[in-house]
Structure formats: structure tokens, C-alpha cells
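Student: I have a structure I would like to understand better, so I am pasting it below and will then ask my questions one at a time.
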Amino acid sequence: MKRSSFLLLLLAIPAVSGSFSLFSDTLDLDVGTYRYIKFRITPDQMENAEITVDLPAEPLAGEIEFILISEMDYRRGWEGRGNIDTLAVVYAEGGRFAIRVPDFGDYVLIMSNRGNYNPVLAVADISVSFAGSGVAYDSLPFAMTLLMSLLAIGVVVAAVLITLKLLYSGRG
């Protein structure tokens, strides 16, 4: 019994992971238009981070272009101030696929309908998944609790010592 529960625990540890939804709605793109989603990957979420896109299984009226770029490159391109470093590009007509996110930071996922002659309408479910819990350990609450406890203990000890001093000095 102990051995099987230990093995189950060992198998469950790598399975701990997190995710968050980016988009879960109808994706309606006219010809030559795009939509974008800004999101952030924290350092605690960067391990094996990937964007998972789930489109209908049947082929769409045209390919949707999914482009992953950093937010700085998006701003630079929008303002026309320089080259854009594209991190990933996927052309999809339907199905499920993943786009790897290279590191932590601020990103923009662009969904484009350029190059098609028809509008595209699809129900899309887009999420980010990563290994680990994605929750950063914050030592500040523990440090504040420890500090307040030591301060309270110091006040109590000082009050007891002052009381004892007053009691013994009054008898003599």
C-alpha cells in the first residue's frame, strides 16, 4: 500500500501544471483583417509554455494565420519604426495545434485572414499551458508575520519585566 501510494505521488508530481484561457469565442475575420490578443508569461510560467489552439475539425473557408510576436515588436511594427521578429507562424484550416512560447515576457498573438478571398467564421478556444503551478513563492507575508510575532513577543516581555520591576521596587 505504501509503495503504490508513493509511486502514485511520483507520477503525479510532473503532471502538476497550469493554464489560462486567452480566447474562447467565435472568431469572425473579414477578408484582410486580423485580431490580436496580448498576454503575459511570468518567469514561473515559462517552463514548457505553449499556446494551444482548438478550431473546428472540419476545414474552414480559408486558412487562418496565427502569428506570435513580442509586444515590443508589435508596437514597433504598428508605429512603423523597424523590423519585426516573428517568433512563430502557423497556418491552419481547422483542428488542434500548439505554438511554443520561447521565454517569459509580454506577447501578442495575431489571428489574421490575409490572403483569403472569403471571410472566416470559427469557434476558437485558445489557451496557454505550462509546466508547474505558475505561482511565485512570495516570502514577504511570512517575513511580515515573523516580524509582527517577534514584535508582539518583545512587547509582552517588556511589559512583564516592567511590571516585575515595579512590584519589587515597591516592597523595598
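Letters A, B, ... mark the chains of the C-alpha cells in the order given; residue numbers begin at 1 per chain; ligand numbers begin at 1, in order shown.
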Residues near A:Arg40, anyone? I mean within 9 Å using only C-alpha atoms, not counting same-chain ones fewer than 5 positions away, as a ChimeraX atom specification.
Tutor: /A:104-108
Student: Which residues come within 10 Å of A:Asp28, counting only C-alpha atoms, excluding same-chain residues fewer than 6 positions away, as a VMD selection string?
Tutor: chain A and resid 34 to 35 113 119 to 124
Student: Suppose we keep C-alpha atoms; can you now write the selection as a compact mmCIF listing (two decimals), in the first residue's frame?
Tutor:
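Output below, filename out.txt:
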```txt
# COMPACT_ATOMS: atom_id res chain seq x y z
CA TYR A 34 -6.91 40.49 -38.06
CA ARG A 35 -7.50 40.27 -34.33
CA ASN A 113 -7.27 36.44 -42.55
CA PRO A 119 -14.40 35.75 -44.53
CA VAL A 120 -13.64 33.13 -41.89
CA LEU A 121 -16.02 32.30 -39.07
CA ALA A 122 -15.00 29.70 -36.49
CA VAL A 123 -15.49 28.88 -32.83
CA ALA A 124 -12.00 29.01 -31.36
```
Student: One decimal, Å: what's the distance from atom CA of A:Val101 over to atom CA of A:Ile51, could you say?
Tutor: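 Separation between atom CA of A:Val101 and atom CA of A:Ile51: 7.0 Å.
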Student: Could you pull out the alpha helix (DSSP H) residues of stretch 41-154 of chain A, going by DSSP on the backbone, and write them as an NGL selection string?
Tutor: :A and (71-78 or 140-154)
Student: Residues near A:Phe20, anyone? I mean within 12 Å using only C-alpha atoms, not counting same-chain ones fewer than 3 positions away, as number ranges by chain.
Tutor: A: 17, 23-24, 39-41, 45, 49-52, 125-130, 133-134
Student: Could you tell me which of A:Leu161, A:Ala57, A:Leu29, A:Met111 comes closest to A:Val89 if we count only C-alpha atoms?
Tutor: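 Checking each of A:Leu161, A:Ala57, A:Leu29, A:Met111 against A:Val89, counting only C-alpha atoms, the winner is A:Met111.
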Student: I need the residues in stretch 35-155 of chain A that are strand (DSSP E or B) according to DSSP; give them as an MDAnalysis selection string.
Tutor: chainID A and resid 35:41 50:54 64:70 86:92 96:100 105:112 120:131
Student: Can I get the selection written as a PDB file, in the first residue's frame, with C-alpha atoms?
Tutor:
```pdb
ATOM      1  CA  ARG A  35      -7.496  40.265 -34.325  1.00  0.00           C
ATOM      2  CA  TYR A  36      -4.864  40.206 -31.642  1.00  0.00           C
ATOM      3  CA  ILE A  37      -4.571  39.062 -28.052  1.00  0.00           C
ATOM      4  CA  LYS A  38      -1.999  40.457 -25.647  1.00  0.00           C
ATOM      5  CA  PHE A  39      -0.831  38.213 -22.814  1.00  0.00           C
ATOM      6  CA  ARG A  40       1.997  37.835 -20.337  1.00  0.00           C
ATOM      7  CA  ILE A  41       4.128  34.832 -19.398  1.00  0.00           C
ATOM      8  CA  GLU A  50       2.764  26.846 -25.244  1.00  0.00           C
ATOM      9  CA  ILE A  51      -0.349  28.272 -26.820  1.00  0.00           C
ATOM     10  CA  THR A  52      -2.942  25.630 -27.627  1.00  0.00           C
ATOM     11  CA  VAL A  53      -5.429  26.487 -30.376  1.00  0.00           C
ATOM     12  CA  ASP A  54      -8.530  24.386 -30.863  1.00  0.00           C
ATOM     13  CA  ILE A  64      -6.214  31.492 -40.554  1.00  0.00           C
ATOM     14  CA  GLU A  65      -2.714  32.768 -39.952  1.00  0.00           C
ATOM     15  CA  PHE A  66      -1.551  32.698 -36.320  1.00  0.00           C
ATOM     16  CA  ILE A  67       1.489  34.876 -35.648  1.00  0.00           C
ATOM     17  CA  LEU A  68       3.298  35.097 -32.304  1.00  0.00           C
ATOM     18  CA  ILE A  69       5.434  38.183 -31.684  1.00  0.00           C
ATOM     19  CA  SER A  70       6.646  40.074 -28.646  1.00  0.00           C
ATOM     20  CA  THR A  86       8.268  36.836 -35.748  1.00  0.00           C
ATOM     21  CA  LEU A  87       8.557  34.097 -33.103  1.00  0.00           C
ATOM     22  CA  ALA A  88       6.141  31.617 -34.701  1.00  0.00           C
ATOM     23  CA  VAL A  89       3.739  31.398 -37.628  1.00  0.00           C
ATOM     24  CA  VAL A  90       1.090  28.706 -38.150  1.00  0.00           C
ATOM     25  CA  TYR A  91      -1.419  28.455 -40.999  1.00  0.00           C
ATOM     26  CA  ALA A  92      -4.486  26.427 -40.008  1.00  0.00           C
ATOM     27  CA  ARG A  96      -5.876  21.395 -32.779  1.00  0.00           C
ATOM     28  CA  PHE A  97      -2.268  22.602 -32.690  1.00  0.00           C
ATOM     29  CA  ALA A  98       0.244  24.207 -30.342  1.00  0.00           C
ATOM     30  CA  ILE A  99       2.615  27.145 -30.636  1.00  0.00           C
ATOM     31  CA  ARG A 100       5.643  27.123 -28.343  1.00  0.00           C
ATOM     32  CA  GLY A 105       7.592  38.319 -21.254  1.00  0.00           C
ATOM     33  CA  ASP A 106       4.747  40.171 -22.931  1.00  0.00           C
ATOM     34  CA  TYR A 107       3.458  38.672 -26.176  1.00  0.00           C
ATOM     35  CA  VAL A 108       0.864  39.305 -28.867  1.00  0.00           C
ATOM     36  CA  LEU A 109      -0.920  36.513 -30.745  1.00  0.00           C
ATOM     37  CA  ILE A 110      -2.241  37.787 -34.068  1.00  0.00           C
ATOM     38  CA  MET A 111      -5.010  35.905 -35.885  1.00  0.00           C
ATOM     39  CA  SER A 112      -5.094  37.072 -39.492  1.00  0.00           C
ATOM     40  CA  VAL A 120     -13.639  33.133 -41.895  1.00  0.00           C
ATOM     41  CA  LEU A 121     -16.023  32.298 -39.066  1.00  0.00           C
ATOM     42  CA  ALA A 122     -14.998  29.697 -36.488  1.00  0.00           C
ATOM     43  CA  VAL A 123     -15.487  28.878 -32.831  1.00  0.00           C
ATOM     44  CA  ALA A 124     -11.999  29.006 -31.361  1.00  0.00           C
ATOM     45  CA  ASP A 125     -10.650  28.027 -27.978  1.00  0.00           C
ATOM     46  CA  ILE A 126      -7.166  29.397 -27.317  1.00  0.00           C
ATOM     47  CA  SER A 127      -5.296  28.865 -24.064  1.00  0.00           C
ATOM     48  CA  VAL A 128      -1.780  28.961 -22.644  1.00  0.00           C
ATOM     49  CA  SER A 129      -0.466  25.945 -20.767  1.00  0.00           C
ATOM     50  CA  PHE A 130       2.795  25.493 -18.880  1.00  0.00           C
ATOM     51  CA  ALA A 131       4.586  23.109 -16.540  1.00  0.00           C
TER      52      ALA A 131
END
```
Student: State, in Å with one decimal place, the distance from atom CA of A:Arg114 to atom CA of A:Asp30.
Tutor: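 Taking atom CA of A:Arg114 as the start and atom CA of A:Asp30 as the end point, the length is 8.9 Å.
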Student: Nearest residue to A:Leu60 out of A:Leu150, A:Val155, A:Leu27, A:Val160, using only C-alpha atoms?
Tutor: A:Leu27
Student: Could you check the closest approach to A:Gly132 for each of A:Met46, A:Leu166, A:Ala61, A:Val31 and tell me which residue wins, using only C-alpha atoms?
Tutor: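 Once distances to A:Gly132 are computed over only C-alpha atoms, the minimum belongs to A:Met46.
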